[in-house]
Amino acid sequence: MAHRTRAIRYIVAGLGAALVLLGVAEAVSAFFSAASAPLVAIGGAFIDVIPPWVKDAAIALFGLYDKLALFATMALAVAVLAAGIGLLARRRRGAALTAVVILGVVVGAVVVSRSGTTPVDVIPTLAGTAAGLAVLAWLARLADAAEGAPAPSGTTAGGPDRRRFLRAVGLSAVAGVGLIVAGRAVAGIRHGVDAAREALKLPAAARKAPPLPSGVQAPVEGMPPFTTPNGEFYRIDTALAVPRVNPADWRLRITGLVEREIEMSFDELLAEDLVEADVTLTCVSNPVGGDLAGNARWLGVPVRRLLERAGVDPSADMVLSRSVDGFTAGTPLSALTDERNSLLAIGMNGEPLPEIHGFPVRMVVPGLYGYVSATKWLEELKVTRFADDTAYWTDRGWSAEGPIKLASRVDVPRSFANVPAGQVTIGGTAWAQQRGISAVEVKIDDGDWVPAELAAAANEDTWRQWSFAWDDASPGRHEVSVRATDGDGVLQTSDRADPVPNGASGWHRIQFTVEG
Ligand SMILES: Nc1nc2c(c(=O)[nH]1)N[C@H]1C(S)=C(S)[C@@H](COP(=O)(O)O)O[C@H]1N2
Ligand SMILES: [Mo]
């Protein structure tokens with residue numbers, strides 16, 4: 001038992017040193033780029049190398065908490081590593097300290113290899129490693145003393161030494177956690193992005209979106225709102241730390257196969273004639289019946305106009321958009337130059353873009369999944385060819401082209417809900433951006449397909465709600481399926497496909513119980 005208590009002291013020393021290491025790195029990183037914090041860099045690198053099915057499984061498993069789950073996993077990994085190094089420090093002090101140095105060097109290398117970082121961004125990791133080394137040596141020495149081994153200072157075993165060790169560990173933990181919290185706060189203030197966003201007044205649109213027709217919302221209680229409030233809009237991206245882009249420093253560059261490269265500031269973008277459009281965004285990872293889709297009123301500059309100004313070379317067929325954190329999307333040039341409302345968006349539902357949705361500027365392209373079009377924290381449009389360039393998700397097994405597939409889902413009742421007997425009102429959503437929805441049918445149990453009531457359509461780029469009143473709902477368990485027909489008269493396919501590599505397909509079906 002006594003033996004074990006002593007071993008635990010070294011484990012605790014390792015954990016304390018790790019907290020200080022991370023705290024110092026986090027605090028110092030507030031003065032460097034967002035990706036300079038070691039855990040952010042490691043997590044980001046991890047996200048970049050995981051195969052698509054793991055990313056998909058993580059989204060399915062943790063939904064919007066996938067980042068939290070990743071951080072929790074990393075915290076666990078760090079704790080195990082720190083405990084191991086602490087144990088090593090008991091008998092082989094030099095080896096333990098060397099292990100910390102090696103880890104620091106490896107993490108530093110990962111940090112500088114991340115896009116969006118420069119070599120100086122290694123400084124937070126180096127500072128953290130130095131602090132971690134000092135604290136590990138210090139705590140291990142106090143653990144020696146508490147253990148009764150002859151410590152370098154010549155102290156011997158006893159109560160005071162144990163208390164001294166505990167105090168030192170407590171101090172390290174408090175300092176580590178405090179530095180992490182303070183670092184986050186300082187980073188927020190220092191980068192001034194919140195303040196810049198608050199202060200931003202969006203100009204009025206030169207071309208407003210037509211008002212939404214009354215009746216876009218199906219008259220069914222519990223339906224999602226037709227326009228998704230910003231706070232409820234789904235979020236999907238690879239960014240562990242939300243990129244902090246101050247509009248004052250923001251530049252957009254249009255490069256590649258153009259007659260003249262263009263560079264624009266945020267103020268220049270605001271001075272353009274702005275266009276407003278209601279567009280439903282959809283994620284390719286959305287499973288059948290899933291909710292990785294949202295509808296907003298976007299305000300921005302038509303991409304077409306800027307590409308015309310740059311003069312696109314006829315040999316080009318793709319625009320590779322790049323974010324400040326190195327994400328890229330490859331959009332067919334035609335989708336950016338035809339008549340659709342492809343925008344460099346700065347506003348979302350009457351507000352500047354929320355930071356997690358790409359502040360200050362993102363792309364919105366009707367009809368294409370987000371991974372090939374909706375680049376957030378945009379900084380470059382490179383006019384190029386599919387044959388010459390590949391994008392972030394195409395390099396990880398997803399298709400180069402990602403037109404949104406016709407989809408429909410049941411929103412009400414919820415899966416496995418109990419509903420009162422009598423009339424049961426069923427409601428849902430269907431979308432086929434660029435084509436619109438012309439019909440929705442439902443099937444109850446083994447019955448025939450029957451037409452549902454369509455809510456009003458806003459335009460062909462937004463989803464469309466539907467409802468169906470089932471008058472003679474009999475008590476018991478029931479099943480309802482839904483399928484839609486798009487504006488071209490094409491019926492939604494029943495073929496089941498997984499999200500990888502270019503979006504899920506198949507009819508959505510849910511079960512519910514009518515109470516007796
Ligand atoms: N910079 C950046 N932009 C990005 C992504 C990303 O990982 N990084 N993900 C894309 C994907 S896959 C989707 S579905 C949409 C989601 O946009 P939202 O988070 O605003 O809903 O953003 C796109 N833009
Ligand atoms: Mo996505």
# chains A, B, ... in the order shown; residues from 1 in each chain; ligands from 1

$ closest_atom_pairs --of "chain A" --to "ligand 1" --cutoff "9 Å" --atoms "only C-alpha atoms and all ligand atoms" --output "tab-separated table"
residue	atom	partner	partner_atom_place_in_ligand_line	distance
A:Phe233	CA	ligand 1	21 (O)	6.1
A:Tyr234	CA	ligand 1	21 (O)	4.7
A:Arg235	CA	ligand 1	19 (O)	3.2
A:Ile236	CA	ligand 1	19 (O)	4.1
A:Asp237	CA	ligand 1	7 (O)	3.0
A:Thr238	CA	ligand 1	7 (O)	4.0
A:Ala239	CA	ligand 1	7 (O)	6.2
A:Pro243	CA	ligand 1	1 (N)	8.4
A:Leu281	CA	ligand 1	21 (O)	6.8
A:Thr282	CA	ligand 1	14 (S)	5.8
A:Cys283	CA	ligand 1	14 (S)	3.6
A:Val284	CA	ligand 1	14 (S)	6.3
A:Ser285	CA	ligand 1	14 (S)	7.5
A:Asn286	CA	ligand 1	14 (S)	8.6
A:Leu292	CA	ligand 1	14 (S)	7.4
A:Ala293	CA	ligand 1	21 (O)	7.3
A:Gly294	CA	ligand 1	21 (O)	7.0
A:Arg322	CA	ligand 1	1 (N)	7.2
A:Ser323	CA	ligand 1	1 (N)	4.7
A:Val324	CA	ligand 1	1 (N)	7.0
A:Asp325	CA	ligand 1	1 (N)	6.4
A:Gly326	CA	ligand 1	1 (N)	7.1
A:Phe327	CA	ligand 1	1 (N)	4.9
A:Thr328	CA	ligand 1	1 (N)	7.1
A:Ala329	CA	ligand 1	24 (N)	7.7
A:Leu353	CA	ligand 1	20 (O)	8.9
A:Pro354	CA	ligand 1	20 (O)	8.7
A:Ile356	CA	ligand 1	19 (O)	6.7
A:His357	CA	ligand 1	20 (O)	4.0
A:Gly358	CA	ligand 1	20 (O)	6.7
A:Arg362	CA	ligand 1	3 (N)	7.6
A:Met363	CA	ligand 1	24 (N)	7.8
A:Val364	CA	ligand 1	22 (O)	8.9
A:Tyr369	CA	ligand 1	14 (S)	6.2
A:Gly370	CA	ligand 1	13 (C)	3.7
A:Tyr371	CA	ligand 1	12 (S)	3.7
A:Val372	CA	ligand 1	10 (C)	7.4
A:Ser373	CA	ligand 1	23 (C)	6.8
A:Ala374	CA	ligand 1	23 (C)	4.4
A:Thr375	CA	ligand 1	3 (N)	3.7
A:Lys376	CA	ligand 1	3 (N)	3.8
A:Trp377	CA	ligand 1	1 (N)	5.4
A:Leu378	CA	ligand 1	1 (N)	6.7
A:Tyr392	CA	ligand 1	7 (O)	8.5
A:Trp393	CA	ligand 1	12 (S)	8.2

$ residues_around --residues "Arg93 (chain A)" --least-positions-apart "2" --cutoff "12 Å" --atoms "only C-alpha atoms" --output "ChimeraX atom specification"
/A:10,14,85-91,95-100,133,136-141,143-144

$ residues_around --residues "Val181 (chain A)" --least-positions-apart "5" --cutoff "9 Å" --atoms "only C-alpha atoms" --output "compact mmCIF listing (two decimals) with all heavy atoms, in the first residue's frame"
# COMPACT_ATOMS: atom_id res chain seq x y z
N GLY A 23 -1.14 25.01 -19.61
CA GLY A 23 -1.58 26.35 -19.22
C GLY A 23 -0.66 27.42 -19.78
O GLY A 23 -1.11 28.41 -20.37
N GLU A 26 -1.05 27.61 -23.53
CA GLU A 26 -2.32 28.25 -23.89
C GLU A 26 -2.24 29.76 -23.70
O GLU A 26 -2.65 30.53 -24.56
CB GLU A 26 -3.44 27.65 -23.03
CG GLU A 26 -4.82 28.12 -23.36
CD GLU A 26 -5.30 27.59 -24.69
OE1 GLU A 26 -5.02 26.41 -25.02
OE2 GLU A 26 -5.95 28.36 -25.42
N ALA A 27 -1.70 30.17 -22.54
CA ALA A 27 -1.62 31.60 -22.25
C ALA A 27 -0.72 32.31 -23.25
O ALA A 27 -1.05 33.37 -23.78
CB ALA A 27 -1.13 31.82 -20.82
N GLY A 176 -2.09 25.95 -13.60
CA GLY A 176 -2.31 25.43 -14.95
C GLY A 176 -3.71 25.76 -15.45
O GLY A 176 -3.88 26.33 -16.53
N VAL A 186 -7.84 36.25 -22.73
CA VAL A 186 -6.94 37.24 -23.33
C VAL A 186 -6.97 37.13 -24.86
O VAL A 186 -7.03 38.13 -25.57
CB VAL A 186 -5.49 37.06 -22.82
CG1 VAL A 186 -4.52 37.93 -23.61
CG2 VAL A 186 -5.42 37.40 -21.33

$ closest_residue --among "A:Pro352, A:Gln433, A:Val365, A:Val275" --to "Thr337 (chain A)" --atoms "only C-alpha atoms"
A:Val365

$ residues_around --residues "region 442-454 of chain A" --least-positions-apart "6" --cutoff "7 Å" --atoms "only C-alpha atoms" --output "PDB file with N, CA, C and O atoms, in the first residue's frame"
ATOM      1  N   GLN A 465     -41.557  22.869 -46.641  1.00  0.00           N
ATOM      2  CA  GLN A 465     -42.213  22.064 -45.611  1.00  0.00           C
ATOM      3  C   GLN A 465     -43.479  21.424 -46.172  1.00  0.00           C
ATOM      4  O   GLN A 465     -44.030  21.877 -47.177  1.00  0.00           O
ATOM      5  N   TRP A 466     -43.937  20.367 -45.530  1.00  0.00           N
ATOM      6  CA  TRP A 466     -45.150  19.672 -45.959  1.00  0.00           C
ATOM      7  C   TRP A 466     -45.879  19.153 -44.731  1.00  0.00           C
ATOM      8  O   TRP A 466     -45.298  19.054 -43.634  1.00  0.00           O
ATOM      9  N   SER A 467     -47.137  18.833 -44.905  1.00  0.00           N
ATOM     10  CA  SER A 467     -47.898  18.265 -43.792  1.00  0.00           C
ATOM     11  C   SER A 467     -48.907  17.259 -44.319  1.00  0.00           C
ATOM     12  O   SER A 467     -49.222  17.240 -45.519  1.00  0.00           O
ATOM     13  N   PHE A 468     -49.354  16.438 -43.426  1.00  0.00           N
ATOM     14  CA  PHE A 468     -50.335  15.427 -43.806  1.00  0.00           C
ATOM     15  C   PHE A 468     -51.203  15.127 -42.585  1.00  0.00           C
ATOM     16  O   PHE A 468     -50.667  14.827 -41.514  1.00  0.00           O
ATOM     17  N   HIS A 478     -47.195   2.503 -35.450  1.00  0.00           N
ATOM     18  CA  HIS A 478     -47.305   2.784 -36.880  1.00  0.00           C
ATOM     19  C   HIS A 478     -45.968   3.239 -37.436  1.00  0.00           C
ATOM     20  O   HIS A 478     -45.057   3.605 -36.691  1.00  0.00           O
ATOM     21  N   GLU A 479     -45.944   3.239 -38.772  1.00  0.00           N
ATOM     22  CA  GLU A 479     -44.730   3.598 -39.461  1.00  0.00           C
ATOM     23  C   GLU A 479     -45.129   4.597 -40.543  1.00  0.00           C
ATOM     24  O   GLU A 479     -46.155   4.405 -41.178  1.00  0.00           O
ATOM     25  N   VAL A 480     -44.358   5.643 -40.724  1.00  0.00           N
ATOM     26  CA  VAL A 480     -44.637   6.542 -41.853  1.00  0.00           C
ATOM     27  C   VAL A 480     -43.354   6.749 -42.654  1.00  0.00           C
ATOM     28  O   VAL A 480     -42.276   6.937 -42.098  1.00  0.00           O
ATOM     29  N   SER A 481     -43.499   6.655 -43.976  1.00  0.00           N
ATOM     30  CA  SER A 481     -42.386   6.905 -44.883  1.00  0.00           C
ATOM     31  C   SER A 481     -42.711   8.143 -45.712  1.00  0.00           C
ATOM     32  O   SER A 481     -43.882   8.474 -45.886  1.00  0.00           O
ATOM     33  N   VAL A 482     -41.660   8.778 -46.212  1.00  0.00           N
ATOM     34  CA  VAL A 482     -41.877   9.968 -47.047  1.00  0.00           C
ATOM     35  C   VAL A 482     -40.958   9.909 -48.263  1.00  0.00           C
ATOM     36  O   VAL A 482     -39.861   9.337 -48.214  1.00  0.00           O
ATOM     37  N   ARG A 483     -41.465  10.458 -49.374  1.00  0.00           N
ATOM     38  CA  ARG A 483     -40.622  10.607 -50.563  1.00  0.00           C
ATOM     39  C   ARG A 483     -41.072  11.875 -51.290  1.00  0.00           C
ATOM     40  O   ARG A 483     -42.237  12.265 -51.208  1.00  0.00           O
TER      41      ARG A 483
END

$ select_by_dssp --residues "region 256-491 of chain A" --states "helix (DSSP H, G or I)" --output "CSV table (one decimal) with N, CA, C and O atoms, in the first residue's frame"
chain,number,residue,atom,x,y,z
A,266,PHE,N,-12.0,44.2,-46.6
A,266,PHE,CA,-13.4,44.0,-46.2
A,266,PHE,C,-14.3,45.3,-46.5
A,266,PHE,O,-15.4,45.1,-46.9
A,267,ASP,N,-13.7,46.4,-46.3
A,267,ASP,CA,-14.4,47.7,-46.6
A,267,ASP,C,-14.8,47.8,-48.1
A,267,ASP,O,-15.9,48.2,-48.4
A,268,GLU,N,-13.9,47.3,-48.9
A,268,GLU,CA,-14.2,47.3,-50.3
A,268,GLU,C,-15.3,46.4,-50.7
A,268,GLU,O,-16.2,46.6,-51.5
A,269,LEU,N,-15.3,45.2,-50.0
A,269,LEU,CA,-16.4,44.3,-50.2
A,269,LEU,C,-17.7,44.9,-49.8
A,269,LEU,O,-18.8,44.7,-50.5
A,270,LEU,N,-17.7,45.6,-48.6
A,270,LEU,CA,-19.0,46.2,-48.1
A,270,LEU,C,-19.5,47.3,-49.1
A,270,LEU,O,-20.7,47.5,-49.1
A,303,VAL,N,-20.5,36.1,-56.4
A,303,VAL,CA,-19.1,35.7,-56.8
A,303,VAL,C,-18.9,36.0,-58.3
A,303,VAL,O,-17.8,36.4,-58.7
A,304,ARG,N,-19.9,35.8,-59.0
A,304,ARG,CA,-19.9,36.0,-60.5
A,304,ARG,C,-19.2,37.4,-60.8
A,304,ARG,O,-18.4,37.5,-61.7
A,305,ARG,N,-19.7,38.4,-60.1
A,305,ARG,CA,-19.2,39.8,-60.4
A,305,ARG,C,-17.7,39.9,-60.2
A,305,ARG,O,-17.0,40.5,-61.1
A,306,LEU,N,-17.2,39.3,-59.2
A,306,LEU,CA,-15.8,39.5,-58.9
A,306,LEU,C,-14.9,38.6,-59.9
A,306,LEU,O,-13.9,39.0,-60.3
A,307,LEU,N,-15.5,37.5,-60.3
A,307,LEU,CA,-14.8,36.6,-61.2
A,307,LEU,C,-14.7,37.3,-62.6
A,307,LEU,O,-13.7,37.3,-63.3
A,308,GLU,N,-15.9,38.0,-62.9
A,308,GLU,CA,-15.9,38.8,-64.2
A,308,GLU,C,-14.8,39.8,-64.2
A,308,GLU,O,-14.1,40.0,-65.2
A,309,ARG,N,-14.7,40.5,-63.1
A,309,ARG,CA,-13.7,41.6,-62.9
A,309,ARG,C,-12.3,41.0,-63.1
A,309,ARG,O,-11.4,41.7,-63.6
A,310,ALA,N,-12.1,39.8,-62.6
A,310,ALA,CA,-10.7,39.2,-62.6
A,310,ALA,C,-10.4,38.7,-64.0
A,310,ALA,O,-9.3,38.6,-64.4
A,333,LEU,N,-16.7,25.9,-61.7
A,333,LEU,CA,-16.8,27.3,-62.1
A,333,LEU,C,-18.2,27.7,-62.5
A,333,LEU,O,-18.7,28.8,-62.2
A,334,SER,N,-18.9,26.8,-63.3
A,334,SER,CA,-20.2,27.1,-63.8
A,334,SER,C,-21.2,27.5,-62.7
A,334,SER,O,-22.1,28.3,-62.9
A,335,ALA,N,-21.0,26.9,-61.5
A,335,ALA,CA,-22.0,27.2,-60.4
A,335,ALA,C,-21.8,28.6,-59.9
A,335,ALA,O,-22.6,29.1,-59.2
A,336,LEU,N,-20.6,29.1,-60.2
A,336,LEU,CA,-20.3,30.5,-59.7
A,336,LEU,C,-20.5,31.6,-60.7
A,336,LEU,O,-20.5,32.7,-60.4
A,337,THR,N,-20.7,31.1,-62.0
A,337,THR,CA,-20.8,32.1,-63.0
A,337,THR,C,-22.2,32.1,-63.6
A,337,THR,O,-22.6,33.1,-64.3
A,355,GLU,N,-19.3,34.1,-35.7
A,355,GLU,CA,-17.9,33.6,-35.9
A,355,GLU,C,-17.8,32.1,-36.3
A,355,GLU,O,-17.0,31.8,-37.2
A,356,ILE,N,-18.7,31.3,-35.7
A,356,ILE,CA,-18.6,29.9,-36.1
A,356,ILE,C,-19.1,29.6,-37.5
A,356,ILE,O,-18.9,28.5,-38.1
A,357,HIS,N,-19.8,30.6,-38.1
A,357,HIS,CA,-20.3,30.4,-39.4
A,357,HIS,C,-19.5,31.1,-40.5
A,357,HIS,O,-19.9,31.3,-41.6
A,370,GLY,N,-22.0,21.7,-48.7
A,370,GLY,CA,-21.1,22.6,-48.1
A,370,GLY,C,-19.6,22.3,-48.4
A,370,GLY,O,-18.8,23.2,-48.5
A,371,TYR,N,-19.3,21.0,-48.4
A,371,TYR,CA,-17.9,20.6,-48.5
A,371,TYR,C,-17.3,21.0,-49.8
A,371,TYR,O,-16.0,21.0,-49.9
A,372,VAL,N,-18.1,21.2,-50.8
A,372,VAL,CA,-17.5,21.7,-52.1
A,372,VAL,C,-17.8,23.1,-52.4
A,372,VAL,O,-17.6,23.6,-53.6
A,394,THR,N,-11.9,16.0,-51.0
A,394,THR,CA,-11.6,15.1,-52.1
A,394,THR,C,-10.3,14.4,-51.8
A,394,THR,O,-10.2,13.2,-52.2
A,395,ASP,N,-9.4,15.0,-51.1
A,395,ASP,CA,-8.2,14.3,-50.7
A,395,ASP,C,-8.4,13.2,-49.7
A,395,ASP,O,-7.5,12.4,-49.4
A,396,ARG,N,-9.6,13.2,-49.1
A,396,ARG,CA,-9.9,12.2,-48.1
A,396,ARG,C,-11.1,11.3,-48.5
A,396,ARG,O,-11.8,10.8,-47.7

$ closest_residue --among "A:Val361, A:Ala35, A:Ile47, A:Val12" --to "Ser113 (chain A)" --atoms "only C-alpha atoms"
A:Ala35

$ select_by_dssp --residues "region 177-329 of chain A" --states "strand (DSSP E)" --output "PDB file with N, CA and C atoms, in the first residue's frame"
ATOM      1  N   ARG A 251      -8.175  40.125 -46.050  1.00  0.00           N
ATOM      2  CA  ARG A 251      -8.000  40.398 -47.477  1.00  0.00           C
ATOM      3  C   ARG A 251      -8.540  39.202 -48.242  1.00  0.00           C
ATOM      4  N   LEU A 252      -9.201  39.465 -49.357  1.00  0.00           N
ATOM      5  CA  LEU A 252      -9.567  38.384 -50.260  1.00  0.00           C
ATOM      6  C   LEU A 252      -8.676  38.498 -51.487  1.00  0.00           C
ATOM      7  N   ARG A 253      -8.103  37.364 -51.886  1.00  0.00           N
ATOM      8  CA  ARG A 253      -7.305  37.373 -53.104  1.00  0.00           C
ATOM      9  C   ARG A 253      -7.962  36.457 -54.125  1.00  0.00           C
ATOM     10  N   ILE A 254      -8.064  36.933 -55.341  1.00  0.00           N
ATOM     11  CA  ILE A 254      -8.549  36.088 -56.434  1.00  0.00           C
ATOM     12  C   ILE A 254      -7.344  35.833 -57.336  1.00  0.00           C
ATOM     13  N   THR A 255      -6.966  34.558 -57.438  1.00  0.00           N
ATOM     14  CA  THR A 255      -5.692  34.209 -58.084  1.00  0.00           C
ATOM     15  C   THR A 255      -5.918  33.111 -59.122  1.00  0.00           C
ATOM     16  N   GLY A 256      -4.844  32.653 -59.712  1.00  0.00           N
ATOM     17  CA  GLY A 256      -4.906  31.507 -60.620  1.00  0.00           C
ATOM     18  C   GLY A 256      -5.118  31.922 -62.062  1.00  0.00           C
ATOM     19  N   ILE A 262      -6.941  39.875 -58.168  1.00  0.00           N
ATOM     20  CA  ILE A 262      -7.650  40.910 -57.423  1.00  0.00           C
ATOM     21  C   ILE A 262      -7.356  40.733 -55.947  1.00  0.00           C
ATOM     22  N   GLU A 263      -7.147  41.849 -55.256  1.00  0.00           N
ATOM     23  CA  GLU A 263      -7.068  41.786 -53.808  1.00  0.00           C
ATOM     24  C   GLU A 263      -8.042  42.813 -53.252  1.00  0.00           C
ATOM     25  N   MET A 264      -8.850  42.395 -52.306  1.00  0.00           N
ATOM     26  CA  MET A 264      -9.891  43.277 -51.765  1.00  0.00           C
ATOM     27  C   MET A 264      -9.839  43.306 -50.254  1.00  0.00           C
ATOM     28  N   SER A 265     -10.167  44.464 -49.681  1.00  0.00           N
ATOM     29  CA  SER A 265     -10.306  44.560 -48.226  1.00  0.00           C
ATOM     30  C   SER A 265     -11.775  44.353 -47.882  1.00  0.00           C
ATOM     31  N   VAL A 275     -26.365  41.729 -52.387  1.00  0.00           N
ATOM     32  CA  VAL A 275     -27.541  40.963 -52.797  1.00  0.00           C
ATOM     33  C   VAL A 275     -27.975  40.095 -51.620  1.00  0.00           C
ATOM     34  N   GLU A 276     -29.282  39.916 -51.501  1.00  0.00           N
ATOM     35  CA  GLU A 276     -29.823  39.104 -50.417  1.00  0.00           C
ATOM     36  C   GLU A 276     -30.495  37.877 -51.013  1.00  0.00           C
ATOM     37  N   ALA A 277     -30.342  36.715 -50.391  1.00  0.00           N
ATOM     38  CA  ALA A 277     -30.993  35.515 -50.924  1.00  0.00           C
ATOM     39  C   ALA A 277     -31.268  34.512 -49.815  1.00  0.00           C
ATOM     40  N   ASP A 278     -32.424  33.849 -49.910  1.00  0.00           N
ATOM     41  CA  ASP A 278     -32.737  32.752 -49.000  1.00  0.00           C
ATOM     42  C   ASP A 278     -32.197  31.472 -49.619  1.00  0.00           C
ATOM     43  N   VAL A 279     -31.295  30.821 -48.906  1.00  0.00           N
ATOM     44  CA  VAL A 279     -30.682  29.600 -49.430  1.00  0.00           C
ATOM     45  C   VAL A 279     -30.567  28.579 -48.292  1.00  0.00           C
ATOM     46  N   THR A 280     -30.915  27.332 -48.609  1.00  0.00           N
ATOM     47  CA  THR A 280     -30.777  26.241 -47.636  1.00  0.00           C
ATOM     48  C   THR A 280     -29.431  25.552 -47.837  1.00  0.00           C
ATOM     49  N   LEU A 281     -28.605  25.560 -46.792  1.00  0.00           N
ATOM     50  CA  LEU A 281     -27.313  24.854 -46.841  1.00  0.00           C
ATOM     51  C   LEU A 281     -27.512  23.420 -46.363  1.00  0.00           C
ATOM     52  N   THR A 282     -26.763  22.515 -46.920  1.00  0.00           N
ATOM     53  CA  THR A 282     -26.871  21.108 -46.538  1.00  0.00           C
ATOM     54  C   THR A 282     -25.482  20.499 -46.465  1.00  0.00           C
ATOM     55  N   ALA A 293     -28.850  20.443 -41.973  1.00  0.00           N
ATOM     56  CA  ALA A 293     -29.303  21.353 -43.016  1.00  0.00           C
ATOM     57  C   ALA A 293     -29.898  22.559 -42.316  1.00  0.00           C
ATOM     58  N   GLY A 294     -29.780  23.713 -42.909  1.00  0.00           N
ATOM     59  CA  GLY A 294     -30.330  24.915 -42.303  1.00  0.00           C
ATOM     60  C   GLY A 294     -30.614  25.938 -43.380  1.00  0.00           C
ATOM     61  N   ASN A 295     -31.590  26.791 -43.093  1.00  0.00           N
ATOM     62  CA  ASN A 295     -32.009  27.766 -44.097  1.00  0.00           C
ATOM     63  C   ASN A 295     -31.842  29.176 -43.549  1.00  0.00           C
ATOM     64  N   ALA A 296     -31.152  30.027 -44.295  1.00  0.00           N
ATOM     65  CA  ALA A 296     -30.929  31.390 -43.809  1.00  0.00           C
ATOM     66  C   ALA A 296     -31.096  32.391 -44.946  1.00  0.00           C
ATOM     67  N   ARG A 297     -31.273  33.654 -44.545  1.00  0.00           N
ATOM     68  CA  ARG A 297     -31.256  34.755 -45.513  1.00  0.00           C
ATOM     69  C   ARG A 297     -29.848  35.330 -45.500  1.00  0.00           C
ATOM     70  N   TRP A 298     -29.134  35.122 -46.592  1.00  0.00           N
ATOM     71  CA  TRP A 298     -27.736  35.536 -46.692  1.00  0.00           C
ATOM     72  C   TRP A 298     -27.629  36.882 -47.380  1.00  0.00           C
ATOM     73  N   LEU A 299     -26.640  37.663 -46.969  1.00  0.00           N
ATOM     74  CA  LEU A 299     -26.365  38.955 -47.600  1.00  0.00           C
ATOM     75  C   LEU A 299     -24.916  38.920 -48.068  1.00  0.00           C
ATOM     76  N   GLY A 300     -24.698  39.261 -49.339  1.00  0.00           N
ATOM     77  CA  GLY A 300     -23.316  39.204 -49.803  1.00  0.00           C
ATOM     78  C   GLY A 300     -23.143  39.719 -51.221  1.00  0.00           C
ATOM     79  N   VAL A 301     -21.939  39.483 -51.715  1.00  0.00           N
ATOM     80  CA  VAL A 301     -21.573  39.959 -53.047  1.00  0.00           C
ATOM     81  C   VAL A 301     -21.593  38.762 -54.002  1.00  0.00           C
ATOM     82  N   PRO A 302     -22.261  38.877 -55.158  1.00  0.00           N
ATOM     83  CA  PRO A 302     -22.244  37.762 -56.109  1.00  0.00           C
ATOM     84  C   PRO A 302     -20.806  37.418 -56.509  1.00  0.00           C
ATOM     85  N   MET A 318     -12.843  25.184 -62.397  1.00  0.00           N
ATOM     86  CA  MET A 318     -13.049  25.030 -60.956  1.00  0.00           C
ATOM     87  C   MET A 318     -12.514  26.245 -60.215  1.00  0.00           C
ATOM     88  N   VAL A 319     -13.153  26.556 -59.081  1.00  0.00           N
ATOM     89  CA  VAL A 319     -12.602  27.576 -58.198  1.00  0.00           C
ATOM     90  C   VAL A 319     -12.304  26.911 -56.863  1.00  0.00           C
ATOM     91  N   LEU A 320     -11.044  26.962 -56.478  1.00  0.00           N
ATOM     92  CA  LEU A 320     -10.619  26.391 -55.198  1.00  0.00           C
ATOM     93  C   LEU A 320     -10.657  27.517 -54.173  1.00  0.00           C
ATOM     94  N   SER A 321     -11.651  27.457 -53.277  1.00  0.00           N
ATOM     95  CA  SER A 321     -11.732  28.484 -52.238  1.00  0.00           C
ATOM     96  C   SER A 321     -10.974  27.991 -51.018  1.00  0.00           C
ATOM     97  N   ARG A 322     -10.267  28.900 -50.378  1.00  0.00           N
ATOM     98  CA  ARG A 322      -9.406  28.522 -49.257  1.00  0.00           C
ATOM     99  C   ARG A 322      -9.737  29.378 -48.045  1.00  0.00           C
ATOM    100  N   SER A 323      -9.753  28.738 -46.878  1.00  0.00           N
ATOM    101  CA  SER A 323     -10.021  29.474 -45.649  1.00  0.00           C
ATOM    102  C   SER A 323      -8.699  29.819 -44.974  1.00  0.00           C
ATOM    103  N   THR A 328     -10.076  23.746 -47.870  1.00  0.00           N
ATOM    104  CA  THR A 328     -10.325  24.138 -49.253  1.00  0.00           C
ATOM    105  C   THR A 328     -11.567  23.429 -49.784  1.00  0.00           C
ATOM    106  N   ALA A 329     -12.257  24.090 -50.703  1.00  0.00           N
ATOM    107  CA  ALA A 329     -13.408  23.493 -51.378  1.00  0.00           C
ATOM    108  C   ALA A 329     -13.240  23.745 -52.868  1.00  0.00           C
TER     109      ALA A 329
END

$ closest_residue --among "A:Pro229, A:Gly116, A:Gly84, A:Pro403" --to "ligand 2" --atoms "only C-alpha atoms and all ligand atoms"
A:Pro403

$ closest_residue --among "A:Pro332, A:Pro499, A:Phe165, A:Leu240" --to "ligand 2" --atoms "only C-alpha atoms and all ligand atoms"
A:Pro499

$ residues_around --residues "Ala497 (chain A)" --least-positions-apart "2" --cutoff "12 Å" --atoms "only C-alpha atoms" --output "PyMOL selection string"
chain A and resi 284-288+405+493-495+499-507

$ residues_around --residues "Val110 (chain A)" --least-positions-apart "4" --cutoff "12 Å" --atoms "only C-alpha atoms" --output "list in words"
Ala35, Ser36, Ala37, Pro38, Leu39, Val40, Ala41, Ile42, Gly43, Gly44, Ala45, Phe46, Asp48, Leu103, Gly104, Val105, Val106, Arg114, Ser115, Thr117, Thr118, Pro119, Asp121, Val122 and Thr125 of chain A

$ closest_residue --among "A:Val20, A:Ile404, A:Val101, A:Met223" --to "ligand 2" --atoms "only C-alpha atoms and all ligand atoms"
A:Ile404

$ closest_residue --among "A:Leu368, A:Leu70, A:Leu15, A:Gly178" --to "ligand 2" --atoms "only C-alpha atoms and all ligand atoms"
A:Leu368
